[in-house]
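Text of the file target_30.pdb, holding PDB, C-alpha atoms, pLDDT in the B column:
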ATOM      1  CA  MET A   1      -2.074 -18.128  -7.035  1.00 65.00           C
ATOM      2  CA  THR A   2      -2.163 -16.104 -10.226  1.00 66.00           C
ATOM      3  CA  GLY A   3      -0.204 -13.378 -11.903  1.00 68.00           C
ATOM      4  CA  THR A   4      -1.496 -12.668 -15.409  1.00 86.00           C
ATOM      5  CA  THR A   5      -2.623  -9.111 -15.954  1.00 88.00           C
ATOM      6  CA  ALA A   6      -5.842 -10.166 -17.674  1.00 91.00           C
ATOM      7  CA  GLU A   7      -6.861 -12.411 -14.767  1.00 92.00           C
ATOM      8  CA  LEU A   8      -6.145  -9.750 -12.177  1.00 96.00           C
ATOM      9  CA  VAL A   9      -7.902  -6.973 -14.066  1.00 96.00           C
ATOM     10  CA  GLY A  10     -10.881  -9.251 -14.575  1.00 96.00           C
ATOM     11  CA  ARG A  11     -11.072 -10.128 -10.896  1.00 96.00           C
ATOM     12  CA  ALA A  12     -10.771  -6.473  -9.900  1.00 97.00           C
ATOM     13  CA  ARG A  13     -13.412  -5.459 -12.440  1.00 97.00           C
ATOM     14  CA  ALA A  14     -15.824  -8.014 -10.965  1.00 97.00           C
ATOM     15  CA  LEU A  15     -15.571  -6.184  -7.617  1.00 97.00           C
ATOM     16  CA  ALA A  16     -16.583  -2.876  -9.189  1.00 96.00           C
ATOM     17  CA  VAL A  17     -20.384  -3.072  -9.042  1.00 93.00           C
ATOM     18  CA  PRO A  18     -22.099   0.227 -10.016  1.00 91.00           C
ATOM     19  CA  GLY A  19     -23.827   1.913  -7.113  1.00 93.00           C
ATOM     20  CA  ARG A  20     -21.792   0.015  -4.530  1.00 95.00           C
ATOM     21  CA  ARG A  21     -18.328   0.743  -3.102  1.00 98.00           C
ATOM     22  CA  ALA A  22     -15.724  -2.021  -2.874  1.00 98.00           C
ATOM     23  CA  ILE A  23     -12.211  -1.754  -1.435  1.00 98.00           C
ATOM     24  CA  LEU A  24      -9.406  -3.909  -2.856  1.00 98.00           C
ATOM     25  CA  GLY A  25      -6.235  -4.095  -0.760  1.00 98.00           C
ATOM     26  CA  ILE A  26      -2.841  -4.847  -2.304  1.00 98.00           C
ATOM     27  CA  VAL A  27      -0.169  -5.852   0.228  1.00 98.00           C
ATOM     28  CA  GLY A  28       3.400  -7.117   0.028  1.00 95.00           C
ATOM     29  CA  ALA A  29       6.915  -6.638   1.314  1.00 92.00           C
ATOM     30  CA  PRO A  30       8.924  -3.556   0.266  1.00 91.00           C
ATOM     31  CA  GLY A  31       9.944  -3.915  -3.373  1.00 88.00           C
ATOM     32  CA  SER A  32       7.397  -6.621  -4.186  1.00 92.00           C
ATOM     33  CA  GLY A  33       5.654  -4.504  -6.819  1.00 92.00           C
ATOM     34  CA  LYS A  34       2.381  -3.781  -5.026  1.00 94.00           C
ATOM     35  CA  SER A  35       2.385  -0.107  -6.081  1.00 93.00           C
ATOM     36  CA  THR A  36       3.040  -1.129  -9.689  1.00 93.00           C
ATOM     37  CA  LEU A  37       0.161  -3.619  -9.601  1.00 96.00           C
ATOM     38  CA  ALA A  38      -2.215  -1.109  -8.001  1.00 97.00           C
ATOM     39  CA  ALA A  39      -1.326   1.505 -10.635  1.00 97.00           C
ATOM     40  CA  ALA A  40      -1.782  -1.046 -13.448  1.00 96.00           C
ATOM     41  CA  LEU A  41      -5.238  -1.974 -12.157  1.00 97.00           C
ATOM     42  CA  GLY A  42      -6.198   1.686 -11.866  1.00 97.00           C
ATOM     43  CA  GLU A  43      -5.028   2.389 -15.407  1.00 97.00           C
ATOM     44  CA  ALA A  44      -6.741  -0.672 -16.872  1.00 97.00           C
ATOM     45  CA  LEU A  45     -10.067   0.026 -15.164  1.00 97.00           C
ATOM     46  CA  GLY A  46      -9.965   3.786 -15.710  1.00 97.00           C
ATOM     47  CA  PRO A  47     -10.749   6.711 -13.392  1.00 97.00           C
ATOM     48  CA  ASP A  48     -14.527   6.357 -13.734  1.00 96.00           C
ATOM     49  CA  LEU A  49     -14.362   2.875 -12.231  1.00 97.00           C
ATOM     50  CA  ALA A  50     -11.306   2.809  -9.921  1.00 98.00           C
ATOM     51  CA  VAL A  51      -9.087   5.126  -7.885  1.00 98.00           C
ATOM     52  CA  VAL A  52      -5.815   4.157  -6.198  1.00 98.00           C
ATOM     53  CA  VAL A  53      -5.173   5.264  -2.592  1.00 98.00           C
ATOM     54  CA  GLY A  54      -1.833   4.425  -0.966  1.00 97.00           C
ATOM     55  CA  MET A  55      -1.264   3.590   2.685  1.00 98.00           C
ATOM     56  CA  ASP A  56       2.046   5.482   2.483  1.00 96.00           C
ATOM     57  CA  GLY A  57       0.175   8.780   2.793  1.00 97.00           C
ATOM     58  CA  PHE A  58      -0.025   7.883   6.489  1.00 98.00           C
ATOM     59  CA  HIS A  59       3.741   7.897   7.080  1.00 97.00           C
ATOM     60  CA  LEU A  60       4.479   9.996  10.136  1.00 98.00           C
ATOM     61  CA  SER A  61       6.405  13.125   9.185  1.00 97.00           C
ATOM     62  CA  ASP A  62      10.163  13.242   9.635  1.00 96.00           C
ATOM     63  CA  ALA A  63       9.694  15.828  12.392  1.00 97.00           C
ATOM     64  CA  VAL A  64       7.419  13.507  14.367  1.00 97.00           C
ATOM     65  CA  LEU A  65       9.708  10.527  13.761  1.00 97.00           C
ATOM     66  CA  ALA A  66      12.713  12.521  14.958  1.00 97.00           C
ATOM     67  CA  ALA A  67      10.843  13.578  18.089  1.00 97.00           C
ATOM     68  CA  HIS A  68      10.188   9.906  18.861  1.00 95.00           C
ATOM     69  CA  GLY A  69      13.674   8.735  17.923  1.00 96.00           C
ATOM     70  CA  SER A  70      12.272   6.668  15.051  1.00 95.00           C
ATOM     71  CA  ARG A  71      13.727   8.477  12.032  1.00 92.00           C
ATOM     72  CA  GLY A  72      16.201   5.660  11.366  1.00 87.00           C
ATOM     73  CA  ARG A  73      13.363   3.114  11.241  1.00 91.00           C
ATOM     74  CA  LYS A  74      11.106   4.991   8.837  1.00 91.00           C
ATOM     75  CA  GLY A  75       8.788   2.466   7.205  1.00 92.00           C
ATOM     76  CA  ALA A  76       8.453   0.252  10.292  1.00 95.00           C
ATOM     77  CA  ILE A  77       4.912  -0.575  11.347  1.00 97.00           C
ATOM     78  CA  ASP A  78       4.943   1.890  14.247  1.00 97.00           C
ATOM     79  CA  THR A  79       6.006   4.782  11.997  1.00 97.00           C
ATOM     80  CA  PHE A  80       2.556   5.044  10.398  1.00 98.00           C
ATOM     81  CA  ASP A  81      -0.695   6.607  11.591  1.00 98.00           C
ATOM     82  CA  ASP A  82      -2.640   3.345  11.513  1.00 98.00           C
ATOM     83  CA  GLY A  83      -5.673   4.899  13.187  1.00 98.00           C
ATOM     84  CA  GLY A  84      -5.840   7.607  10.547  1.00 98.00           C
ATOM     85  CA  TYR A  85      -5.565   5.048   7.772  1.00 98.00           C
ATOM     86  CA  ALA A  86      -8.324   2.883   9.296  1.00 98.00           C
ATOM     87  CA  ALA A  87     -10.580   5.932   9.579  1.00 98.00           C
ATOM     88  CA  LEU A  88      -9.974   6.817   5.928  1.00 98.00           C
ATOM     89  CA  VAL A  89     -10.684   3.286   4.704  1.00 98.00           C
ATOM     90  CA  ASP A  90     -13.888   3.279   6.748  1.00 98.00           C
ATOM     91  CA  ARG A  91     -14.986   6.548   5.110  1.00 98.00           C
ATOM     92  CA  LEU A  92     -14.116   5.202   1.673  1.00 98.00           C
ATOM     93  CA  ALA A  93     -16.075   1.991   2.281  1.00 98.00           C
ATOM     94  CA  ASP A  94     -19.152   3.898   3.498  1.00 97.00           C
ATOM     95  CA  ALA A  95     -19.296   6.381   0.624  1.00 97.00           C
ATOM     96  CA  ARG A  96     -22.339   6.153  -1.645  1.00 95.00           C
ATOM     97  CA  PRO A  97     -23.164   7.869  -4.951  1.00 95.00           C
ATOM     98  CA  GLY A  98     -24.138  11.463  -4.272  1.00 96.00           C
ATOM     99  CA  ASP A  99     -21.941  11.822  -1.190  1.00 97.00           C
ATOM    100  CA  PRO A 100     -19.143  14.424  -1.196  1.00 97.00           C
ATOM    101  CA  PRO A 101     -15.739  13.189  -2.420  1.00 98.00           C
ATOM    102  CA  VAL A 102     -13.214  11.864   0.062  1.00 98.00           C
ATOM    103  CA  TYR A 103      -9.668  13.258  -0.088  1.00 98.00           C
ATOM    104  CA  ALA A 104      -6.740  10.992   0.760  1.00 98.00           C
ATOM    105  CA  PRO A 105      -3.107  11.894   1.513  1.00 98.00           C
ATOM    106  CA  VAL A 106      -0.208  10.800  -0.677  1.00 97.00           C
ATOM    107  CA  PHE A 107       3.467  10.139   0.009  1.00 96.00           C
ATOM    108  CA  ARG A 108       5.954  12.078  -2.129  1.00 94.00           C
ATOM    109  CA  ARG A 109       9.225  10.196  -2.437  1.00 85.00           C
ATOM    110  CA  GLU A 110      11.024  13.236  -3.816  1.00 87.00           C
ATOM    111  CA  ILE A 111      10.596  14.948  -0.438  1.00 91.00           C
ATOM    112  CA  GLU A 112      10.114  11.786   1.674  1.00 88.00           C
ATOM    113  CA  GLU A 113       7.023  13.285   3.308  1.00 96.00           C
ATOM    114  CA  PRO A 114       3.230  12.780   3.238  1.00 96.00           C
ATOM    115  CA  VAL A 115       1.081  15.450   1.588  1.00 97.00           C
ATOM    116  CA  ALA A 116      -2.543  15.946   2.662  1.00 97.00           C
ATOM    117  CA  ALA A 117      -5.513  15.674   0.275  1.00 97.00           C
ATOM    118  CA  GLY A 118      -3.394  14.492  -2.652  1.00 97.00           C
ATOM    119  CA  VAL A 119      -6.005  12.137  -4.144  1.00 98.00           C
ATOM    120  CA  GLU A 120      -9.687  12.833  -4.736  1.00 98.00           C
ATOM    121  CA  VAL A 121     -12.017   9.839  -4.528  1.00 98.00           C
ATOM    122  CA  PRO A 122     -15.418  10.691  -6.066  1.00 98.00           C
ATOM    123  CA  SER A 123     -18.356   8.964  -4.421  1.00 97.00           C
ATOM    124  CA  ASP A 124     -19.570   7.360  -7.658  1.00 97.00           C
ATOM    125  CA  VAL A 125     -16.330   5.414  -8.216  1.00 98.00           C
ATOM    126  CA  SER A 126     -17.139   1.774  -7.521  1.00 98.00           C
ATOM    127  CA  LEU A 127     -13.669   0.456  -6.623  1.00 98.00           C
ATOM    128  CA  VAL A 128     -10.924   1.886  -4.452  1.00 98.00           C
ATOM    129  CA  VAL A 129      -7.586   0.088  -4.752  1.00 98.00           C
ATOM    130  CA  THR A 130      -5.466   0.669  -1.647  1.00 98.00           C
ATOM    131  CA  GLU A 131      -1.916  -0.611  -1.369  1.00 98.00           C
ATOM    132  CA  GLY A 132       0.610  -0.797   1.450  1.00 97.00           C
ATOM    133  CA  ASN A 133       2.786  -2.932   3.680  1.00 97.00           C
ATOM    134  CA  TYR A 134       0.659  -3.662   6.707  1.00 98.00           C
ATOM    135  CA  LEU A 135      -2.895  -4.200   5.488  1.00 98.00           C
ATOM    136  CA  LEU A 136      -2.996  -7.691   7.032  1.00 98.00           C
ATOM    137  CA  ALA A 137      -1.151  -6.904  10.262  1.00 98.00           C
ATOM    138  CA  PRO A 138      -3.026  -8.233  13.341  1.00 98.00           C
ATOM    139  CA  SER A 139      -2.052  -5.391  15.694  1.00 98.00           C
ATOM    140  CA  GLY A 140      -3.123  -1.775  16.242  1.00 98.00           C
ATOM    141  CA  ALA A 141      -5.831  -0.343  13.989  1.00 98.00           C
ATOM    142  CA  TRP A 142      -4.827  -2.389  10.939  1.00 98.00           C
ATOM    143  CA  PRO A 143      -7.570  -5.024  11.500  1.00 98.00           C
ATOM    144  CA  ARG A 144     -10.181  -2.226  11.461  1.00 98.00           C
ATOM    145  CA  ALA A 145      -8.955  -1.181   8.037  1.00 98.00           C
ATOM    146  CA  ARG A 146      -8.885  -4.790   6.818  1.00 98.00           C
ATOM    147  CA  ALA A 147     -12.481  -5.320   7.957  1.00 98.00           C
ATOM    148  CA  CYS A 148     -13.579  -2.649   5.458  1.00 98.00           C
ATOM    149  CA  MET A 149     -11.824  -4.330   2.503  1.00 98.00           C
ATOM    150  CA  THR A 150     -13.674  -6.631   0.133  1.00 98.00           C
ATOM    151  CA  GLU A 151     -10.501  -8.546  -0.771  1.00 98.00           C
ATOM    152  CA  VAL A 152      -6.782  -8.302  -0.031  1.00 98.00           C
ATOM    153  CA  TRP A 153      -4.180  -9.611  -2.466  1.00 98.00           C
ATOM    154  CA  TYR A 154      -0.616 -10.427  -1.399  1.00 97.00           C
ATOM    155  CA  VAL A 155       2.102  -9.742  -3.999  1.00 96.00           C
ATOM    156  CA  GLU A 156       5.106 -12.069  -3.814  1.00 96.00           C
ATOM    157  CA  VAL A 157       8.361 -12.044  -5.778  1.00 92.00           C
ATOM    158  CA  PRO A 158      11.724 -13.767  -5.154  1.00 92.00           C
ATOM    159  CA  ASP A 159      13.861 -12.050  -2.520  1.00 87.00           C
ATOM    160  CA  ASP A 160      16.746 -11.381  -4.918  1.00 87.00           C
ATOM    161  CA  VAL A 161      14.401  -9.514  -7.281  1.00 86.00           C
ATOM    162  CA  ARG A 162      12.802  -7.592  -4.432  1.00 85.00           C
ATOM    163  CA  LEU A 163      16.138  -6.570  -2.883  1.00 81.00           C
ATOM    164  CA  ALA A 164      17.544  -5.446  -6.243  1.00 83.00           C
ATOM    165  CA  ARG A 165      14.487  -3.241  -6.765  1.00 83.00           C
ATOM    166  CA  LEU A 166      14.770  -1.762  -3.286  1.00 80.00           C
ATOM    167  CA  GLU A 167      18.452  -0.918  -3.669  1.00 79.00           C
ATOM    168  CA  ALA A 168      17.781   0.701  -7.052  1.00 83.00           C
ATOM    169  CA  ARG A 169      14.930   2.738  -5.547  1.00 74.00           C
ATOM    170  CA  HIS A 170      17.060   3.957  -2.648  1.00 68.00           C
ATOM    171  CA  ARG A 171      19.864   4.968  -5.022  1.00 82.00           C
ATOM    172  CA  ALA A 172      17.382   6.775  -7.284  1.00 82.00           C
ATOM    173  CA  PHE A 173      16.285   8.899  -4.340  1.00 73.00           C
ATOM    174  CA  GLY A 174      19.761   9.914  -3.254  1.00 76.00           C
ATOM    175  CA  LYS A 175      21.303   7.156  -1.142  1.00 76.00           C
ATOM    176  CA  SER A 176      24.834   5.977  -1.876  1.00 83.00           C
ATOM    177  CA  PRO A 177      25.174   2.352  -3.080  1.00 78.00           C
ATOM    178  CA  ALA A 178      26.447   1.331   0.369  1.00 77.00           C
ATOM    179  CA  ASP A 179      23.614   3.090   2.202  1.00 70.00           C
ATOM    180  CA  ALA A 180      21.046   1.702  -0.252  1.00 63.00           C
ATOM    181  CA  SER A 181      22.221  -1.842   0.398  1.00 73.00           C
ATOM    182  CA  ARG A 182      22.382  -1.291   4.155  1.00 71.00           C
ATOM    183  CA  TRP A 183      18.824   0.083   4.263  1.00 65.00           C
ATOM    184  CA  ALA A 184      17.345  -2.605   1.987  1.00 64.00           C
ATOM    185  CA  ARG A 185      18.956  -5.445   3.947  1.00 74.00           C
ATOM    186  CA  GLY A 186      18.476  -3.850   7.358  1.00 67.00           C
ATOM    187  CA  SER A 187      15.366  -1.863   8.232  1.00 79.00           C
ATOM    188  CA  ASP A 188      13.484  -2.852   5.068  1.00 82.00           C
ATOM    189  CA  GLN A 189      14.262  -6.533   5.633  1.00 86.00           C
ATOM    190  CA  VAL A 190      12.948  -6.469   9.206  1.00 85.00           C
ATOM    191  CA  ASN A 191       9.720  -4.965   7.878  1.00 90.00           C
ATOM    192  CA  ALA A 192       9.579  -7.523   5.059  1.00 90.00           C
ATOM    193  CA  GLU A 193       9.752 -10.423   7.487  1.00 92.00           C
ATOM    194  CA  LEU A 194       6.833  -9.049   9.491  1.00 96.00           C
ATOM    195  CA  ILE A 195       4.789  -8.524   6.323  1.00 95.00           C
ATOM    196  CA  GLU A 196       5.608 -12.007   5.014  1.00 95.00           C
ATOM    197  CA  SER A 197       4.229 -13.480   8.236  1.00 97.00           C
ATOM    198  CA  THR A 198       0.773 -12.136   7.253  1.00 98.00           C
ATOM    199  CA  ARG A 199       0.757 -13.781   3.797  1.00 97.00           C
ATOM    200  CA  ASP A 200      -1.621 -16.610   4.675  1.00 97.00           C
ATOM    201  CA  ALA A 201      -4.362 -14.149   5.652  1.00 98.00           C
ATOM    202  CA  ALA A 202      -4.651 -12.865   2.061  1.00 98.00           C
ATOM    203  CA  ASP A 203      -7.551 -13.760  -0.223  1.00 97.00           C
ATOM    204  CA  LEU A 204      -5.167 -14.195  -3.162  1.00 96.00           C
ATOM    205  CA  VAL A 205      -1.407 -14.558  -3.556  1.00 96.00           C
ATOM    206  CA  VAL A 206      -0.160 -12.888  -6.738  1.00 96.00           C
ATOM    207  CA  THR A 207       3.146 -13.972  -8.264  1.00 92.00           C
ATOM    208  CA  PRO A 208       3.811 -11.620 -11.186  1.00 80.00           C
ATOM    209  CA  GLY A 209       5.376 -13.277 -14.177  1.00 62.00           C
TER
END

Can you turn what I pasted into structure tokens?
Amino acid sequence: MTGTTAELVGRARALAVPGRRAILGIVGAPGSGKSTLAAALGEALGPDLAVVVGMDGFHLSDAVLAAHGSRGRKGAIDTFDDGGYAALVDRLADARPGDPPVYAPVFRREIEEPVAAGVEVPSDVSLVVTEGNYLLAPSGAWPRARACMTEVWYVEVPDDVRLARLEARHRAFGKSPADASRWARGSDQVNAELIESTRDAADLVVTPG
């Protein structure tokens, strides 16, 4: 278990071997800080060495969720296109210098929708950092995605810290304080418990200081 920035950057840098593609997965419960860690690694390593690709680009659209009656559970494991994500990770893992770039979708919180081809991943970038909730889930297509990853790190913070972050995030994107608390301690918490059950399958547990 480790959490110092220098250690984590060093370990990520060791995965980035020129001429070879490595995939580093960052997983954790909602509000754990996995996106922050992934962004910090990307910034520290620089765009010539690493690109960050989020799993959240594979959220099903609100229209599809509404058609399935799942809009109120957005973020649950079955509200993602896991097959699409696995296919993308497979393409990213197979890319070699000289191949065309791969384009990955992104999730825009300001509109709460995925946007296609939001991130370009050049073929000569050695490390792709991918972050999301369900990278270690044993069901669906998630194991296919995991099989393409060189390492997966699990980010863990105390529940009170995580919940406070989640509520603040929900309020920042328009929810009332009551709705923010209800969402963080309801749907988000159910998802968190599922994600926490996959912790022991990680290669490294990160506890940020």

- prompt: In terms of the shortest atom-to-atom distance over only C-alpha atoms, which of A:Ala44, A:Val53, A:Ile23, A:Ala63 is closest to Gly118 of chain A?
  reply: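 Of A:Ala44, A:Val53, A:Ile23, A:Ala63, the one nearest Gly118 of chain A, counting only C-alpha atoms, is A:Val53.
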
Give as a compact mmCIF listing (two decimals) with C-alpha atoms, keeping the file's coordinate frame the residues that the PyMOL selection byres ((chain A and resi 57) around 8) matches when applied to the coordinates above.
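Output file expr_7.txt follows:
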# COMPACT_ATOMS: atom_id res chain seq x y z
CA GLY A 54 -1.83 4.42 -0.97
CA MET A 55 -1.26 3.59 2.68
CA ASP A 56 2.05 5.48 2.48
CA PHE A 58 -0.02 7.88 6.49
CA HIS A 59 3.74 7.90 7.08
CA ALA A 104 -6.74 10.99 0.76
CA PRO A 105 -3.11 11.89 1.51
CA VAL A 106 -0.21 10.80 -0.68
CA PHE A 107 3.47 10.14 0.01
CA PRO A 114 3.23 12.78 3.24
CA VAL A 115 1.08 15.45 1.59
CA ALA A 116 -2.54 15.95 2.66

- prompt: Smallest atom-to-atom distance to Gly132 of chain A: which of A:Glu7, A:Asp82, A:Glu120, A:Asp160, using only C-alpha atoms?
  reply: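 Looking at the shortest contact to Gly132 of chain A, the residue is A:Asp82.
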
- request: Please identify all polymer residues within 8 Å of Asp99 of chain A, counting all atoms listed in the file, omitting same-chain residues fewer than 3 positions from it, and present them as a list in words.
  value: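 Here the qualifying residues turn out to be Ala95, Arg96 and Ser123 of chain A.
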
Any chance you could export the current selection's C-alpha atoms as an mmCIF file, keeping the file's coordinate frame?
data_model
loop_
_atom_site.group_PDB
_atom_site.id
_atom_site.type_symbol
_atom_site.label_atom_id
_atom_site.label_comp_id
_atom_site.auth_asym_id
_atom_site.auth_seq_id
_atom_site.Cartn_x
_atom_site.Cartn_y
_atom_site.Cartn_z
ATOM 1 C CA ALA A 95 -19.296 6.381 0.624
ATOM 2 C CA ARG A 96 -22.339 6.153 -1.645
ATOM 3 C CA SER A 123 -18.356 8.964 -4.421
#

- prompt: Written as an MDAnalysis selection string, which residues does the PyMOL selection byres ((chain A and resi 169) around 12) give for the file shown?
  reply: chainID A and resid 30:31 33 109:110 162:168 170:177 179:181 183:184

field: Expansion of the PyMOL selection byres ((chain A and resi 134) around 12) into residues, as an MDAnalysis selection string
entry: chainID A and resid 25:30 34 54:56 58:59 75:82 85:86 130:133 135:146 152:154 191:199 201:202

field: Point-to-point distance in Å for atom CA of Leu15 of chain A and atom CA of Val51 of chain A
entry: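 It comes out at 13.0 Å.
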
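Between atom CA of Pro158 of chain A and atom CA of Val128 of chain A the separation is 27.5 Å.
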
query: Leaving out Leu41 of chain A and any residue of its chain fewer than 2 positions from it, which residues lie within 10 Å of it when counting all atoms listed in the file, given as a PyMOL selection string?
result: chain A and resi 5-6+8-10+12-13+35-39+43-46+50-52+129

task: Can you pull out every residue within 12 Å of Gly98 of chain A, counting all atoms listed in the file, but drop anything in the same chain fewer than 3 positions away, and send it as an MDAnalysis selection string?
output: chainID A and resid 19:20 94:95 101:102 122:125

- prompt: Please, what distance in Å, to one decimal, runs between atom CA of Asp203 of chain A and atom CA of Val121 of chain A?
  reply: 24.4 Å

- prompt: Using all atoms listed in the file, which of the listed residues (A:Cys148, A:Ser61, A:Ala93, A:Leu127) sits closest to Ile111 of chain A?
  reply: A:Ser61

field: Of the listed residues A:Asp48, A:Ala147, A:Val206, A:Ser187, that which approaches Ser70 of chain A most closely, counting all atoms listed in the file
entry: A:Ser187

Can you sort out the box for segment 130-141 of chain A, edges along x, y and z, all listed atoms in, 6 Å on every side, with centre and edge lengths in Å to one decimal, as JSON?
{"center_x": -1.5, "center_y": -3.8, "center_z": 7.3, "size_x": 20.6, "size_y": 20.9, "size_z": 29.9}

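The closest residue to Leu204 of chain A, picked from A:Ala14, A:Leu24, A:Ala117, A:Ala178 and counting only C-alpha atoms, is A:Leu24.
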
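Proximity to Thr150 of chain A was assessed for A:Lys74, A:Val89, A:Val119, A:Ser32 counting all atoms listed in the file; the smallest distance is recorded for A:Val89.
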